[in-house]
$ cat start_39.pdb   # PDB, C-alpha atoms
ATOM      1  CA  ASN K   1       0.000   0.000   0.000
ATOM      2  CA  ALA K   2       1.180   3.513  -0.787
ATOM      3  CA  GLY K   3       2.208   5.566   2.179
ATOM      4  CA  VAL K   4       4.939   6.365   4.670
ATOM      5  CA  THR K   5       6.933   3.530   6.193
ATOM      6  CA  GLN K   6       8.933   3.939   9.393
ATOM      7  CA  THR K   7      11.401   1.534  10.949
ATOM      8  CA  PRO K   8      11.847   0.357  13.617
ATOM      9  CA  LYS K   9       8.466   0.433  15.394
ATOM     10  CA  PHE K  10       9.980   0.091  18.863
ATOM     11  CA  GLN K  11      13.456   0.697  20.238
ATOM     12  CA  VAL K  12      15.090   0.824  23.666
ATOM     13  CA  LEU K  13      18.434   2.608  23.925
ATOM     14  CA  LYS K  14      20.829   3.209  26.740
ATOM     15  CA  THR K  15      21.884   6.777  27.455
ATOM     16  CA  GLY K  16      24.721   7.730  25.109
ATOM     17  CA  GLN K  17      23.938   5.195  22.424
ATOM     18  CA  SER K  18      23.198   6.275  18.868
ATOM     19  CA  MET K  19      20.605   5.161  16.388
ATOM     20  CA  THR K  20      18.975   6.125  13.109
ATOM     21  CA  LEU K  21      15.249   6.133  12.482
ATOM     22  CA  GLN K  22      14.382   5.352   8.898
ATOM     23  CA  CYS K  23      11.506   6.777   6.873
ATOM     24  CA  ALA K  24      10.479   6.158   3.275
ATOM     25  CA  GLN K  25       7.509   7.351   1.218
ATOM     26  CA  ASP K  26       6.311   6.081  -2.133
ATOM     27  CA  MET K  27       3.878   8.868  -3.039
ATOM     28  CA  ASN K  28       6.397  11.000  -4.940
ATOM     29  CA  HIS K  29       6.034  13.763  -2.348
ATOM     30  CA  ASN K  30       8.641  16.519  -2.308
ATOM     31  CA  SER K  31       8.457  17.437   1.377
ATOM     32  CA  MET K  32       9.153  15.248   4.368
ATOM     33  CA  TYR K  33       9.086  15.881   8.132
ATOM     34  CA  TRP K  34      10.053  14.456  11.483
ATOM     35  CA  TYR K  35       7.863  15.113  14.517
ATOM     36  CA  ARG K  36       8.000  13.922  18.085
ATOM     37  CA  GLN K  37       4.917  13.383  20.210
ATOM     38  CA  ASP K  38       5.004  13.612  23.976
ATOM     39  CA  PRO K  39       2.064  13.360  26.400
ATOM     40  CA  GLY K  40       0.341  16.719  26.820
ATOM     41  CA  MET K  41       2.638  18.396  24.280
ATOM     42  CA  GLY K  42       1.045  17.577  20.967
ATOM     43  CA  LEU K  43       3.392  17.066  18.030
ATOM     44  CA  ARG K  44       6.522  19.154  17.713
ATOM     45  CA  LEU K  45       8.521  19.535  14.518
ATOM     46  CA  ILE K  46      12.137  18.381  14.751
ATOM     47  CA  TYR K  47      13.382  18.824  11.175
ATOM     48  CA  TYR K  48      11.890  19.029   7.751
ATOM     49  CA  SER K  49      13.025  18.732   4.154
ATOM     50  CA  ALA K  50      11.201  20.859   1.605
ATOM     51  CA  SER K  51      12.786  18.988  -1.275
ATOM     52  CA  GLU K  52      15.555  16.541  -2.052
ATOM     53  CA  GLY K  53      18.879  18.007  -0.999
ATOM     54  CA  THR K  54      17.513  20.504   1.544
ATOM     55  CA  THR K  55      16.875  20.228   5.271
ATOM     56  CA  ASP K  56      15.838  22.804   7.865
ATOM     57  CA  LYS K  57      15.412  22.937  11.620
ATOM     58  CA  GLY K  58      12.035  22.860  13.231
ATOM     59  CA  GLU K  59      10.982  23.712  16.758
ATOM     60  CA  VAL K  60      13.078  21.135  18.664
ATOM     61  CA  PRO K  61      16.180  20.183  16.611
ATOM     62  CA  ASN K  62      18.767  19.919  19.411
ATOM     63  CA  GLY K  63      20.232  16.437  19.748
ATOM     64  CA  TYR K  64      19.129  15.308  16.297
ATOM     65  CA  ASN K  65      20.486  15.225  12.764
ATOM     66  CA  VAL K  66      18.735  14.358   9.528
ATOM     67  CA  SER K  67      19.615  13.172   6.050
ATOM     68  CA  ARG K  68      17.459  13.441   2.956
ATOM     69  CA  LEU K  69      19.034  10.508   1.166
ATOM     70  CA  ASN K  70      16.895  10.838  -1.960
ATOM     71  CA  LYS K  71      13.341  11.876  -2.772
ATOM     72  CA  ARG K  72      11.897   8.810  -1.025
ATOM     73  CA  GLU K  73      13.961   8.597   2.151
ATOM     74  CA  PHE K  74      14.436  10.912   5.135
ATOM     75  CA  SER K  75      16.310   9.597   8.162
ATOM     76  CA  LEU K  76      16.602  10.950  11.709
ATOM     77  CA  ARG K  77      19.733  10.283  13.753
ATOM     78  CA  LEU K  78      20.272  10.502  17.481
ATOM     79  CA  GLU K  79      24.029  10.708  18.012
ATOM     80  CA  SER K  80      24.046  10.385  21.799
ATOM     81  CA  ALA K  81      20.626   9.484  23.159
ATOM     82  CA  ALA K  82      19.325  11.112  26.328
ATOM     83  CA  PRO K  83      16.316  10.175  28.495
ATOM     84  CA  SER K  84      14.662  13.437  27.375
ATOM     85  CA  GLN K  85      14.484  11.960  23.878
ATOM     86  CA  THR K  86      12.121   9.242  25.044
ATOM     87  CA  SER K  87       9.130   9.852  22.810
ATOM     88  CA  VAL K  88       7.100   8.637  19.870
ATOM     89  CA  TYR K  89       8.594   9.790  16.571
ATOM     90  CA  PHE K  90       6.527  10.303  13.460
ATOM     91  CA  CYS K  91       7.671  10.825   9.916
ATOM     92  CA  ALA K  92       5.346  12.545   7.452
ATOM     93  CA  SER K  93       5.279  13.734   3.867
ATOM     94  CA  SER K  94       3.143  16.162   1.903
ATOM     95  CA  ASP K  95       2.134  16.664  -1.714
ATOM     96  CA  PRO K  96       3.419  19.741  -3.569
ATOM     97  CA  GLY K  97       0.106  21.608  -3.543
ATOM     98  CA  PHE K  98      -0.571  20.645   0.060
ATOM     99  CA  ASN K  99      -4.052  19.624  -0.953
ATOM    100  CA  TYR K 100      -4.232  16.639   1.368
ATOM    101  CA  GLY K 101      -2.199  17.715   4.359
ATOM    102  CA  TYR K 102       0.387  15.372   5.789
ATOM    103  CA  THR K 103       0.562  11.620   5.375
ATOM    104  CA  PHE K 104       2.022  10.132   8.541
ATOM    105  CA  GLY K 105       3.862   6.925   9.213
ATOM    106  CA  SER K 106       2.800   4.667  12.067
ATOM    107  CA  GLY K 107       5.528   5.919  14.402
ATOM    108  CA  THR K 108       8.588   4.713  16.295
ATOM    109  CA  ARG K 109       8.257   4.376  20.058
ATOM    110  CA  LEU K 110      11.698   5.126  21.521
ATOM    111  CA  THR K 111      12.671   4.666  25.145
ATOM    112  CA  VAL K 112      16.041   5.881  26.417
ATOM    113  CA  VAL K 113      17.073   4.435  29.765
TER     114      VAL K 113
ATOM    115  CA  SER M   1       5.169  26.578  21.380
ATOM    116  CA  GLN M   2       1.634  25.543  20.494
ATOM    117  CA  GLN M   3      -0.269  27.563  17.941
ATOM    118  CA  GLY M   4      -3.572  25.717  17.908
ATOM    119  CA  GLU M   5      -5.302  24.765  21.130
ATOM    120  CA  GLU M   6      -8.229  22.354  21.126
ATOM    121  CA  ASP M   7     -11.189  22.542  23.431
ATOM    122  CA  PRO M   8     -12.417  20.515  25.228
ATOM    123  CA  GLN M   9      -9.457  18.340  26.181
ATOM    124  CA  ALA M  10     -11.785  15.366  26.540
ATOM    125  CA  LEU M  11     -15.309  14.608  25.387
ATOM    126  CA  SER M  12     -17.538  11.609  26.057
ATOM    127  CA  ILE M  13     -20.784  11.102  24.143
ATOM    128  CA  GLN M  14     -23.268   8.373  23.273
ATOM    129  CA  GLU M  15     -23.234   6.716  19.873
ATOM    130  CA  GLY M  16     -25.491   8.607  17.481
ATOM    131  CA  GLU M  17     -24.911  12.001  19.105
ATOM    132  CA  ASN M  18     -22.958  14.805  17.469
ATOM    133  CA  ALA M  19     -19.474  15.743  18.672
ATOM    134  CA  THR M  20     -18.100  19.267  18.415
ATOM    135  CA  MET M  21     -14.475  20.197  18.998
ATOM    136  CA  ASN M  22     -12.986  23.659  18.818
ATOM    137  CA  CYS M  23      -9.563  24.983  17.922
ATOM    138  CA  SER M  24      -8.230  28.447  18.658
ATOM    139  CA  TYR M  25      -5.000  29.877  17.344
ATOM    140  CA  LYS M  26      -2.991  33.023  17.872
ATOM    141  CA  THR M  27      -1.347  34.233  14.667
ATOM    142  CA  SER M  28      -2.330  34.535  11.011
ATOM    143  CA  ILE M  29      -2.666  31.331   9.044
ATOM    144  CA  ASN M  30      -3.428  30.356   5.488
ATOM    145  CA  ASN M  31      -4.573  26.835   6.241
ATOM    146  CA  LEU M  32      -5.977  24.786   9.088
ATOM    147  CA  GLN M  33      -6.212  21.034   9.180
ATOM    148  CA  TRP M  34      -7.849  18.423  11.369
ATOM    149  CA  TYR M  35      -6.325  15.017  12.056
ATOM    150  CA  ARG M  36      -7.494  11.897  13.864
ATOM    151  CA  GLN M  37      -5.227   9.607  15.872
ATOM    152  CA  ASN M  38      -6.357   6.231  17.105
ATOM    153  CA  SER M  39      -4.566   4.926  20.160
ATOM    154  CA  GLY M  40      -1.016   3.828  19.334
ATOM    155  CA  ARG M  41      -1.299   4.776  15.675
ATOM    156  CA  GLY M  42      -0.164   7.561  13.379
ATOM    157  CA  LEU M  43      -2.235  10.626  12.568
ATOM    158  CA  VAL M  44      -4.723  10.496   9.722
ATOM    159  CA  HIS M  45      -5.584  13.623   7.766
ATOM    160  CA  LEU M  46      -9.318  14.402   7.877
ATOM    161  CA  ILE M  47      -9.836  17.769   6.241
ATOM    162  CA  LEU M  48      -7.972  20.918   5.227
ATOM    163  CA  ILE M  49      -9.590  24.326   5.103
ATOM    164  CA  ARG M  50      -7.852  27.361   3.662
ATOM    165  CA  SER M  51      -8.104  30.862   5.089
ATOM    166  CA  ASN M  52     -10.402  32.063   2.309
ATOM    167  CA  GLU M  53     -12.917  29.289   3.060
ATOM    168  CA  ARG M  54     -15.524  29.437   5.806
ATOM    169  CA  GLU M  55     -16.930  25.917   5.821
ATOM    170  CA  LYS M  56     -16.041  22.538   4.419
ATOM    171  CA  HIS M  57     -17.722  19.144   4.504
ATOM    172  CA  SER M  58     -16.430  15.627   4.143
ATOM    173  CA  GLY M  59     -18.880  12.809   4.810
ATOM    174  CA  ARG M  60     -20.024  13.153   8.445
ATOM    175  CA  LEU M  61     -17.442  15.871   9.121
ATOM    176  CA  ARG M  62     -18.111  19.576   8.988
ATOM    177  CA  VAL M  63     -15.354  22.116   9.602
ATOM    178  CA  THR M  64     -15.831  25.836  10.018
ATOM    179  CA  LEU M  65     -13.188  28.534  10.096
ATOM    180  CA  ASP M  66     -13.592  32.041  11.488
ATOM    181  CA  THR M  67     -10.403  33.964  10.801
ATOM    182  CA  SER M  68     -11.690  37.077  12.590
ATOM    183  CA  LYS M  69     -11.998  35.067  15.820
ATOM    184  CA  LYS M  70      -8.987  32.876  15.007
ATOM    185  CA  SER M  71     -11.002  29.762  15.638
ATOM    186  CA  SER M  72     -12.229  26.608  13.951
ATOM    187  CA  SER M  73     -14.666  23.881  14.856
ATOM    188  CA  LEU M  74     -14.941  20.246  13.842
ATOM    189  CA  LEU M  75     -18.387  18.661  13.974
ATOM    190  CA  ILE M  76     -18.800  14.908  13.692
ATOM    191  CA  THR M  77     -22.440  14.019  13.104
ATOM    192  CA  ALA M  78     -24.115  10.748  14.102
ATOM    193  CA  SER M  79     -21.017   9.531  15.920
ATOM    194  CA  ARG M  80     -19.998   5.886  15.956
ATOM    195  CA  ALA M  81     -17.876   3.880  18.365
ATOM    196  CA  ALA M  82     -15.195   3.799  15.666
ATOM    197  CA  ASP M  83     -14.883   7.605  15.949
ATOM    198  CA  THR M  84     -13.269   7.133  19.368
ATOM    199  CA  ALA M  85      -9.844   8.743  18.940
ATOM    200  CA  SER M  86      -7.880  11.907  19.610
ATOM    201  CA  TYR M  87      -8.460  14.807  17.254
ATOM    202  CA  PHE M  88      -5.841  17.447  16.513
ATOM    203  CA  CYS M  89      -5.971  20.749  14.722
ATOM    204  CA  ALA M  90      -2.889  21.960  12.885
ATOM    205  CA  THR M  91      -2.264  25.468  11.650
ATOM    206  CA  GLY M  92       0.266  27.039   9.331
ATOM    207  CA  LEU M  93       1.131  29.982   7.156
ATOM    208  CA  GLY M  94       2.499  27.599   4.592
ATOM    209  CA  TYR M  95       2.901  23.888   4.806
ATOM    210  CA  GLN M  96       6.480  23.605   5.996
ATOM    211  CA  LYS M  97       6.103  24.554   9.635
ATOM    212  CA  VAL M  98       2.643  23.449  10.571
ATOM    213  CA  THR M  99       1.973  23.539  14.313
ATOM    214  CA  PHE M 100      -0.209  20.984  16.085
ATOM    215  CA  GLY M 101      -2.394  21.460  19.125
ATOM    216  CA  THR M 102      -2.510  19.089  22.080
ATOM    217  CA  GLY M 103      -5.711  17.381  20.944
ATOM    218  CA  THR M 104      -9.229  16.517  22.052
ATOM    219  CA  LYS M 105      -9.760  12.964  23.256
ATOM    220  CA  LEU M 106     -13.185  11.771  22.066
ATOM    221  CA  GLN M 107     -14.879   8.721  23.513
ATOM    222  CA  VAL M 108     -18.033   7.456  21.816
ATOM    223  CA  ILE M 109     -19.951   5.044  24.036
ATOM    224  CA  PRO M 110     -21.866   2.299  22.193
TER     225      PRO M 110
END
$ encode --input "start_39.pdb" --output "structure tokens"
Amino acid sequence: NAGVTQTPKFQVLKTGQSMTLQCAQDMNHNSMYWYRQDPGMGLRLIYYSASEGTTDKGEVPNGYNVSRLNKREFSLRLESAAPSQTSVYFCASSDPGFNYGYTFGSGTRLTVV
Amino acid sequence: SQQGEEDPQALSIQEGENATMNCSYKTSINNLQWYRQNSGRGLVHLILIRSNEREKHSGRLRVTLDTSKKSSSLLITASRAADTASYFCATGLGYQKVTFGTGTKLQVIP
């Protein structure tokens, strides 16, 4: 099925470990996004990529890096995980005319201990 | 910082009743969206309304936008148990830095 695929679905890290969250979309969307969702906080934008080859910071970029590998893939890297990064991470993409809002992946639940 | 804020935070109704959720925002926007999130799942786009539109319908959903009051409402008519979910509004000037509210948790009792 067309959509946004995120891997892994669950992950437990120890403080200081690194990991990369993967995201791929097959809808030929130009723009892709990474959000985190915390209880009572709604979704907050970490980074976004308006098009292949560009990335920009969102509201909460500290502690994260991103790579827009190609038009389909947008990865999020935690270089040195901290307990404050325990969250649910969502990747999303949007069509060029923004006629249908964001299409979200199913999320990655990350726990840092 | 949150741009859109939903009200109420939680809502419990009987199946068949209508559910109304409100969203208020602070700064100028050119689009407002509503999303649904079932427990443990990703968000699903429901409807997008642009700043030059006042009302939009999609199936049992009706969205209104009042830019003078900086507010929007989402009405779900003839609710079903399957409508139980959290509902979020999202606002933006463009589409790159859309800001989400904290959501309304709707429970529809069969």
$ closest_residue --input "start_39.pdb" --among "K:His29, K:Lys71, K:Arg109, K:Lys14" --to "chain M" --atoms "all atoms listed in the file"
K:Arg109
$ residues_around --input "start_39.pdb" --residues "His45 (chain M)" --least-positions-apart "5" --cutoff "7 Å" --atoms "all atoms listed in the file" --output "number ranges by chain"
K: 101-103; M: 34-36
$ write_last_selection --input "start_39.pdb" --atoms "C-alpha atoms" --output "PDB file, in the coordinates of the input"
ATOM      1  CA  GLY K 101      -2.199  17.715   4.359  1.00  0.00           C
ATOM      2  CA  TYR K 102       0.387  15.372   5.789  1.00  0.00           C
ATOM      3  CA  THR K 103       0.562  11.620   5.375  1.00  0.00           C
TER       4      THR K 103
ATOM      5  CA  TRP M  34      -7.849  18.423  11.369  1.00  0.00           C
ATOM      6  CA  TYR M  35      -6.325  15.017  12.056  1.00  0.00           C
ATOM      7  CA  ARG M  36      -7.494  11.897  13.864  1.00  0.00           C
TER       8      ARG M  36
END
$ closest_atom_pairs --input "start_39.pdb" --of "chain M" --to "chain K" --cutoff "12 Å" --atoms "all atoms listed in the file" --output "Markdown table"
| residue | atom | partner | partner_atom | distance |
| --- | --- | --- | --- | --- |
| M:Ser1 | CA | K:Glu59 | CA | 8.0 |
| M:Gln2 | CA | K:Gly42 | CA | 8.0 |
| M:Gln3 | CA | K:Gly42 | CA | 10.5 |
| M:Gly4 | CA | K:Gly42 | CA | 9.8 |
| M:Glu5 | CA | K:Gly42 | CA | 9.6 |
| M:Glu6 | CA | K:Gly42 | CA | 10.4 |
| M:Gln9 | CA | K:Gly40 | CA | 10.0 |
| M:Asn30 | CA | K:Phe98 | CA | 11.5 |
| M:Asn31 | CA | K:Gly101 | CA | 9.6 |
| M:Leu32 | CA | K:Gly101 | CA | 9.3 |
| M:Gln33 | CA | K:Gly101 | CA | 7.1 |
| M:Trp34 | CA | K:Gly101 | CA | 9.0 |
| M:Tyr35 | CA | K:Gly101 | CA | 9.1 |
| M:Arg36 | CA | K:Phe104 | CA | 11.0 |
| M:Gln37 | CA | K:Ser106 | CA | 10.2 |
| M:Asn38 | CA | K:Ser106 | CA | 10.6 |
| M:Ser39 | CA | K:Ser106 | CA | 10.9 |
| M:Gly40 | CA | K:Ser106 | CA | 8.3 |
| M:Arg41 | CA | K:Ser106 | CA | 5.5 |
| M:Gly42 | CA | K:Ser106 | CA | 4.3 |
| M:Leu43 | CA | K:Phe104 | CA | 5.9 |
| M:Val44 | CA | K:Phe104 | CA | 6.9 |
| M:His45 | CA | K:Gly101 | CA | 6.3 |
| M:Leu46 | CA | K:Tyr100 | CA | 8.6 |
| M:Ile47 | CA | K:Tyr100 | CA | 7.5 |
| M:Leu48 | CA | K:Gly101 | CA | 6.7 |
| M:Ile49 | CA | K:Asn99 | CA | 9.5 |
| M:Arg50 | CA | K:Asn99 | CA | 9.8 |
| M:Ser86 | CA | K:Gly42 | CA | 10.7 |
| M:Tyr87 | CA | K:Gly42 | CA | 10.6 |
| M:Phe88 | CA | K:Gly42 | CA | 8.2 |
| M:Cys89 | CA | K:Gly42 | CA | 9.9 |
| M:Ala90 | CA | K:Leu43 | CA | 9.5 |
| M:Thr91 | CA | K:Gly101 | CA | 10.6 |
| M:Gly92 | CA | K:Gly101 | CA | 10.9 |
| M:Leu93 | CA | K:Phe98 | CA | 11.9 |
| M:Gly94 | CA | K:Phe98 | CA | 8.8 |
| M:Tyr95 | CA | K:Phe98 | CA | 6.7 |
| M:Gln96 | CA | K:Ala50 | CA | 7.0 |
| M:Lys97 | CA | K:Gly58 | CA | 7.1 |
| M:Val98 | CA | K:Leu45 | CA | 8.1 |
| M:Thr99 | CA | K:Arg44 | CA | 7.2 |
| M:Phe100 | CA | K:Leu43 | CA | 5.7 |
| M:Gly101 | CA | K:Gly42 | CA | 5.5 |
| M:Thr102 | CA | K:Gly42 | CA | 4.0 |
| M:Gly103 | CA | K:Gly42 | CA | 6.8 |
| M:Thr104 | CA | K:Gly42 | CA | 10.4 |
| M:Lys105 | CA | K:Gly40 | CA | 11.4 |
$ write_last_selection --input "start_39.pdb" --atoms "C-alpha atoms" --output "compact mmCIF listing (two decimals), in the coordinates of the input"
# COMPACT_ATOMS: atom_id res chain seq x y z
CA SER M 1 5.17 26.58 21.38
CA GLN M 2 1.63 25.54 20.49
CA GLN M 3 -0.27 27.56 17.94
CA GLY M 4 -3.57 25.72 17.91
CA GLU M 5 -5.30 24.76 21.13
CA GLU M 6 -8.23 22.35 21.13
CA GLN M 9 -9.46 18.34 26.18
CA ASN M 30 -3.43 30.36 5.49
CA ASN M 31 -4.57 26.84 6.24
CA LEU M 32 -5.98 24.79 9.09
CA GLN M 33 -6.21 21.03 9.18
CA TRP M 34 -7.85 18.42 11.37
CA TYR M 35 -6.32 15.02 12.06
CA ARG M 36 -7.49 11.90 13.86
CA GLN M 37 -5.23 9.61 15.87
CA ASN M 38 -6.36 6.23 17.10
CA SER M 39 -4.57 4.93 20.16
CA GLY M 40 -1.02 3.83 19.33
CA ARG M 41 -1.30 4.78 15.68
CA GLY M 42 -0.16 7.56 13.38
CA LEU M 43 -2.24 10.63 12.57
CA VAL M 44 -4.72 10.50 9.72
CA HIS M 45 -5.58 13.62 7.77
CA LEU M 46 -9.32 14.40 7.88
CA ILE M 47 -9.84 17.77 6.24
CA LEU M 48 -7.97 20.92 5.23
CA ILE M 49 -9.59 24.33 5.10
CA ARG M 50 -7.85 27.36 3.66
CA SER M 86 -7.88 11.91 19.61
CA TYR M 87 -8.46 14.81 17.25
CA PHE M 88 -5.84 17.45 16.51
CA CYS M 89 -5.97 20.75 14.72
CA ALA M 90 -2.89 21.96 12.88
CA THR M 91 -2.26 25.47 11.65
CA GLY M 92 0.27 27.04 9.33
CA LEU M 93 1.13 29.98 7.16
CA GLY M 94 2.50 27.60 4.59
CA TYR M 95 2.90 23.89 4.81
CA GLN M 96 6.48 23.60 6.00
CA LYS M 97 6.10 24.55 9.64
CA VAL M 98 2.64 23.45 10.57
CA THR M 99 1.97 23.54 14.31
CA PHE M 100 -0.21 20.98 16.08
CA GLY M 101 -2.39 21.46 19.12
CA THR M 102 -2.51 19.09 22.08
CA GLY M 103 -5.71 17.38 20.94
CA THR M 104 -9.23 16.52 22.05
CA LYS M 105 -9.76 12.96 23.26
$ residues_near_point --input "start_39.pdb" --point "(21.7, 8.8, 24.8)" --cutoff "10 Å" --atoms "only C-alpha atoms" --output "VMD selection string"
chain K and resid 13 to 19 63 78 to 86 111 to 113
$ resolve_selection --input "start_39.pdb" --expression "the PyMOL selection byres ((chain K and resi 21) around 9)" --output "list in words"
Gln6, Thr7, Pro8, Met19, Thr20, Gln22, Cys23, Phe74, Ser75, Leu76, Arg77, Leu78, Tyr89 and Thr108 of chain K
$ axis_aligned_box --input "start_39.pdb" --around "region 70-85 of chain K" --padding-each-side "8 Å" --output "JSON"
{"center_x": 18.0, "center_y": 11.0, "center_z": 12.9, "size_x": 28.1, "size_y": 20.8, "size_z": 47.3}
$ resolve_selection --input "start_39.pdb" --expression "the PyMOL selection byres ((chain K and resi 52) around 6)" --output "list in words"
Ser51, Gly53, Thr54, Asn70 and Lys71 of chain K
$ resolve_selection --input "start_39.pdb" --expression "the PyMOL selection byres ((chain M and resi 12) around 8)" --output "count of residues only"
8
$ atom_distance --input "start_39.pdb" --atom1 "CA of Ala19 (chain M)" --atom2 "CA of Arg62 (chain M)"
10.5 Å
$ atom_distance --input "start_39.pdb" --atom1 "CA of Met21 (chain M)" --atom2 "CA of Trp34 (chain K)"
26.3 Å
$ atom_distance --input "start_39.pdb" --atom1 "CA of Arg80 (chain M)" --atom2 "CA of Val4 (chain K)"
27.4 Å
$ closest_residue --input "start_39.pdb" --among "K:Leu110, K:Val12, K:Ile46, K:Leu69" --to "Ala24 (chain K)" --atoms "all atoms listed in the file"
K:Leu69
$ residues_around --input "start_39.pdb" --residues "Met27 (chain K)" --least-positions-apart "2" --cutoff "7 Å" --atoms "all atoms listed in the file" --output "ChimeraX atom specification"
/K:2-3,25,29
$ closest_residue --input "start_39.pdb" --among "M:Thr27, M:Thr84, M:Asn22, M:Ser79" --to "Gly59 (chain M)" --atoms "only C-alpha atoms"
M:Ser79
$ build_atoms --input "start_39.pdb" --residues "region 41-48 of chain M" --atoms "all heavy atoms" --output "PDB file, in the coordinates of the input"
ATOM      1  N   ARG M  41      -1.457   4.712  17.130  1.00  0.00           N
ATOM      2  CA  ARG M  41      -1.299   4.776  15.675  1.00  0.00           C
ATOM      3  C   ARG M  41      -0.818   6.154  15.225  1.00  0.00           C
ATOM      4  O   ARG M  41      -0.718   7.094  16.019  1.00  0.00           O
ATOM      5  CB  ARG M  41      -2.647   4.469  14.996  1.00  0.00           C
ATOM      6  CG  ARG M  41      -3.319   3.208  15.454  1.00  0.00           C
ATOM      7  CD  ARG M  41      -2.549   1.973  15.038  1.00  0.00           C
ATOM      8  NE  ARG M  41      -2.569   1.776  13.602  1.00  0.00           N
ATOM      9  CZ  ARG M  41      -3.523   1.126  12.951  1.00  0.00           C
ATOM     10  NH1 ARG M  41      -4.549   0.626  13.603  1.00  0.00           N
ATOM     11  NH2 ARG M  41      -3.452   0.958  11.646  1.00  0.00           N
ATOM     12  N   GLY M  42      -0.535   6.269  13.937  1.00  0.00           N
ATOM     13  CA  GLY M  42      -0.164   7.561  13.379  1.00  0.00           C
ATOM     14  C   GLY M  42      -1.383   8.437  13.160  1.00  0.00           C
ATOM     15  O   GLY M  42      -2.517   8.006  13.317  1.00  0.00           O
ATOM     16  N   LEU M  43      -1.135   9.693  12.813  1.00  0.00           N
ATOM     17  CA  LEU M  43      -2.235  10.626  12.568  1.00  0.00           C
ATOM     18  C   LEU M  43      -2.763  10.438  11.151  1.00  0.00           C
ATOM     19  O   LEU M  43      -2.001  10.188  10.213  1.00  0.00           O
ATOM     20  CB  LEU M  43      -1.759  12.071  12.741  1.00  0.00           C
ATOM     21  CG  LEU M  43      -1.676  12.561  14.172  1.00  0.00           C
ATOM     22  CD1 LEU M  43      -0.451  12.008  14.864  1.00  0.00           C
ATOM     23  CD2 LEU M  43      -1.657  14.091  14.205  1.00  0.00           C
ATOM     24  N   VAL M  44      -4.063  10.615  11.017  1.00  0.00           N
ATOM     25  CA  VAL M  44      -4.723  10.496   9.722  1.00  0.00           C
ATOM     26  C   VAL M  44      -5.356  11.829   9.378  1.00  0.00           C
ATOM     27  O   VAL M  44      -6.108  12.390  10.185  1.00  0.00           O
ATOM     28  CB  VAL M  44      -5.793   9.381   9.744  1.00  0.00           C
ATOM     29  CG1 VAL M  44      -6.572   9.374   8.432  1.00  0.00           C
ATOM     30  CG2 VAL M  44      -5.142   8.031   9.992  1.00  0.00           C
ATOM     31  N   HIS M  45      -5.048  12.347   8.199  1.00  0.00           N
ATOM     32  CA  HIS M  45      -5.584  13.623   7.766  1.00  0.00           C
ATOM     33  C   HIS M  45      -7.080  13.500   7.487  1.00  0.00           C
ATOM     34  O   HIS M  45      -7.528  12.597   6.781  1.00  0.00           O
ATOM     35  CB  HIS M  45      -4.866  14.081   6.498  1.00  0.00           C
ATOM     36  CG  HIS M  45      -5.311  15.399   5.994  1.00  0.00           C
ATOM     37  ND1 HIS M  45      -6.123  15.543   4.890  1.00  0.00           N
ATOM     38  CD2 HIS M  45      -5.067  16.648   6.440  1.00  0.00           C
ATOM     39  CE1 HIS M  45      -6.353  16.829   4.695  1.00  0.00           C
ATOM     40  NE2 HIS M  45      -5.717  17.513   5.613  1.00  0.00           N
ATOM     41  N   LEU M  46      -7.867  14.424   8.074  1.00  0.00           N
ATOM     42  CA  LEU M  46      -9.318  14.402   7.877  1.00  0.00           C
ATOM     43  C   LEU M  46      -9.748  15.452   6.865  1.00  0.00           C
ATOM     44  O   LEU M  46     -10.491  15.149   5.914  1.00  0.00           O
ATOM     45  CB  LEU M  46     -10.035  14.665   9.198  1.00  0.00           C
ATOM     46  CG  LEU M  46      -9.844  13.611  10.290  1.00  0.00           C
ATOM     47  CD1 LEU M  46     -10.544  14.055  11.570  1.00  0.00           C
ATOM     48  CD2 LEU M  46     -10.360  12.262   9.837  1.00  0.00           C
ATOM     49  N   ILE M  47      -9.325  16.692   7.069  1.00  0.00           N
ATOM     50  CA  ILE M  47      -9.836  17.769   6.241  1.00  0.00           C
ATOM     51  C   ILE M  47      -8.897  18.970   6.349  1.00  0.00           C
ATOM     52  O   ILE M  47      -8.302  19.207   7.391  1.00  0.00           O
ATOM     53  CB  ILE M  47     -11.280  18.124   6.664  1.00  0.00           C
ATOM     54  CG1 ILE M  47     -12.025  18.848   5.567  1.00  0.00           C
ATOM     55  CG2 ILE M  47     -11.319  18.859   7.972  1.00  0.00           C
ATOM     56  CD1 ILE M  47     -13.527  18.828   5.771  1.00  0.00           C
ATOM     57  N   LEU M  48      -8.759  19.704   5.266  1.00  0.00           N
ATOM     58  CA  LEU M  48      -7.972  20.918   5.227  1.00  0.00           C
ATOM     59  C   LEU M  48      -8.875  22.049   4.776  1.00  0.00           C
ATOM     60  O   LEU M  48      -9.627  21.901   3.818  1.00  0.00           O
ATOM     61  CB  LEU M  48      -6.797  20.748   4.250  1.00  0.00           C
ATOM     62  CG  LEU M  48      -5.827  21.920   4.088  1.00  0.00           C
ATOM     63  CD1 LEU M  48      -4.438  21.410   3.703  1.00  0.00           C
ATOM     64  CD2 LEU M  48      -6.296  22.914   3.036  1.00  0.00           C
TER      65      LEU M  48
END
